[in-house]
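Have a look at the structure below, then the notes.
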Amino acid sequence: MSSEPSMIAVTYVRDIDSSRAFYELLGFREHSAGRAATSAWSYLRQDGLSVLLASTRPPLEIPPLPLLFYFYCDDVDAAAAVLGAGGIEVTRTGHPPHALGGELKVLDPDGNTVLVGQQERSASTAPMSDDDAAARFSLLKEAAAVVSAQGGTTVGCQVPAPGGSLCPEKAEVKLADSGGDVVWACLAHADEILITVPAAFIASRGEPGIAAFLSGRQ
């Protein structure tokens with residue numbers, strides 16, 4: 001029996017009820033849930049997307065990581081209005097290449113970053129400003145700040161320029177995907193990889209990935 005590929009994003013939370021209410025503002029609805037003396041979970045769905053919230057008592061000690069969820073929507077202005085009405089602070093992050101219709105950033109009740117983007121520009125969308133290019137790096141800067149807070153790295157950027165010449169910049173974030181090598185990169189090359197490699201993500205530990213991208217630089 002064959003089935004469509006699927007993925008469930010899982011995050012540990014402090015309070016199931018407050019976290020469920022937050023994700024319901026993003027359009028998710030609880031599909032199933034369970035509670036026990038020392039744990040609780042809530043499985044939420046929206047179209048083909050799934051999020052599993054889990055909590056334990058006592059809470060797990062989870063180190064700070066650049067964890068984030070990225071959701072696409074049809075109308076980012078409408079999403080911002082719903083979130084704002086729900087008491088959530090919304091930050092606009094401009095119109096990056098992967099979200100020409102606009103992008104916003106919010107934090108869930110546990111401080112995890114949630115980005116919501118509109119892929120296509122609508123007729124009512126204002127022209128892109130010079131600030132949009134800088135806004136694109138906001139998430140990468142957050143990840144770099146986490147690396148710096150954990151002691152930083154002395155590694156140079158491992159992403160060569162086209163033709164194979166070495167990048168002179170210091171590496172600030174680690175990227176990976178599920179099928180190749182990890183790579184430490186400067187912010188500029190990290191941004192290029194995240195746009196170019198569909199499966200790339202910001203990593204906190206060794207994962208395979210980025211092999212095809214790097215081989216194309218040779």
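Going by the structure tokens order, chains are called A, B, ..., each with residues numbered from 1, while ligands are numbered from 1 in the order shown.
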Surrounding residues of Leu49 (chain A) excluding itself and chain neighbours under 5 positions, 12 Å, only C-alpha atoms, as a list of chain:residue names: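 The residues satisfying every condition are A:Pro5, A:Ser6, A:Met7, A:Ile8, A:Ala9, A:Val10, A:Tyr23, A:Leu26, A:Gly27, A:Phe28, A:Arg29, A:Glu30, A:His31, A:Tyr43, A:Leu44, A:Phe69, A:Tyr70, A:Phe71, A:Tyr72, A:Cys73.
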- prompt: DSSP on the backbone: what in region 39-126 of chain A comes out helix (DSSP H, G or I), as a PyMOL selection string?
  reply: chain A and resi 76-85
Could you save the residues just selected, with C-alpha atoms, as a PDB file, in the first residue's frame?
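Below is the file again13.pdb, written as the result:
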```
ATOM      1  CA  VAL A  76      -0.072  37.383   4.973  1.00  0.00           C
ATOM      2  CA  ASP A  77      -1.973  40.573   5.864  1.00  0.00           C
ATOM      3  CA  ALA A  78      -4.989  38.527   6.961  1.00  0.00           C
ATOM      4  CA  ALA A  79      -2.721  36.230   8.990  1.00  0.00           C
ATOM      5  CA  ALA A  80      -1.155  39.255  10.689  1.00  0.00           C
ATOM      6  CA  ALA A  81      -4.597  40.625  11.542  1.00  0.00           C
ATOM      7  CA  VAL A  82      -5.732  37.347  13.134  1.00  0.00           C
ATOM      8  CA  LEU A  83      -2.527  37.003  15.155  1.00  0.00           C
ATOM      9  CA  GLY A  84      -2.638  40.624  16.280  1.00  0.00           C
ATOM     10  CA  ALA A  85      -6.265  40.280  17.350  1.00  0.00           C
TER      11      ALA A  85
END
```
Members of region 30-77 of chain A assigned strand (DSSP E or B) by DSSP, as a list in words: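 DSSP-assigned strand (DSSP E or B) residues in region 30-77 of chain A: Glu30, His31, Ser32, Ala33, Gly34, Arg35, Ser39, Ala40, Trp41, Ser42, Tyr43, Leu44, Arg45, Gln46, Leu49, Ser50, Val51, Leu52, Leu53, Ala54, Ser55, Thr56, Leu68, Phe69, Tyr70, Phe71 and Tyr72 of chain A.
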field: One-decimal distance in Å that lies between CA of Val13 (chain A) and CA of Asp110 (chain A)
entry: 6.1 Å
message: Using only C-alpha atoms, can you tell me which of A:Ala171, A:Ile195, A:Val114, A:Val90 comes closest to Val155 (chain A)?
response: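 Smallest distance to Val155 (chain A) is found for A:Ala171.
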- prompt: Of the candidates A:Arg35, A:Arg20, A:His189, A:Arg45, which one gets nearest to Val173 (chain A) if we count only C-alpha atoms?
  reply: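 Among A:Arg35, A:Arg20, A:His189, A:Arg45, it is A:His189 that comes nearest to Val173 (chain A).
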message: To one decimal place in Å, what is the distance between CA of Val182 (chain A) and CA of Ala200 (chain A)?
response: 9.6 Å
field: Residue with smallest distance to Ala143 (chain A) - pool A:Glu103, A:Asp108, A:Asp191, A:Asp177, counting only C-alpha atoms
entry: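 For Ala143 (chain A), the nearest of the given residues is A:Asp191.
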task: Can you work out which one of A:Cys157, A:Val147, A:Cys167, A:Leu25 has the shortest atom-to-atom distance to Gly87 (chain A), counting only C-alpha atoms?
output: A:Leu25
task: Find, counting only C-alpha atoms, the residue in A:Pro109, A:Gly102, A:Thr56, A:Gly94 that gets nearest to Ser18 (chain A).
output: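 So, comparing all the options, the nearest one is A:Pro109.
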- request: Quick one: everything within 8 Å of Thr11 (chain A), counting only C-alpha atoms, minus sequence neighbours fewer than 3 positions away in the same chain. Send it as an MDAnalysis selection string.
  value: chainID A and resid 51:54
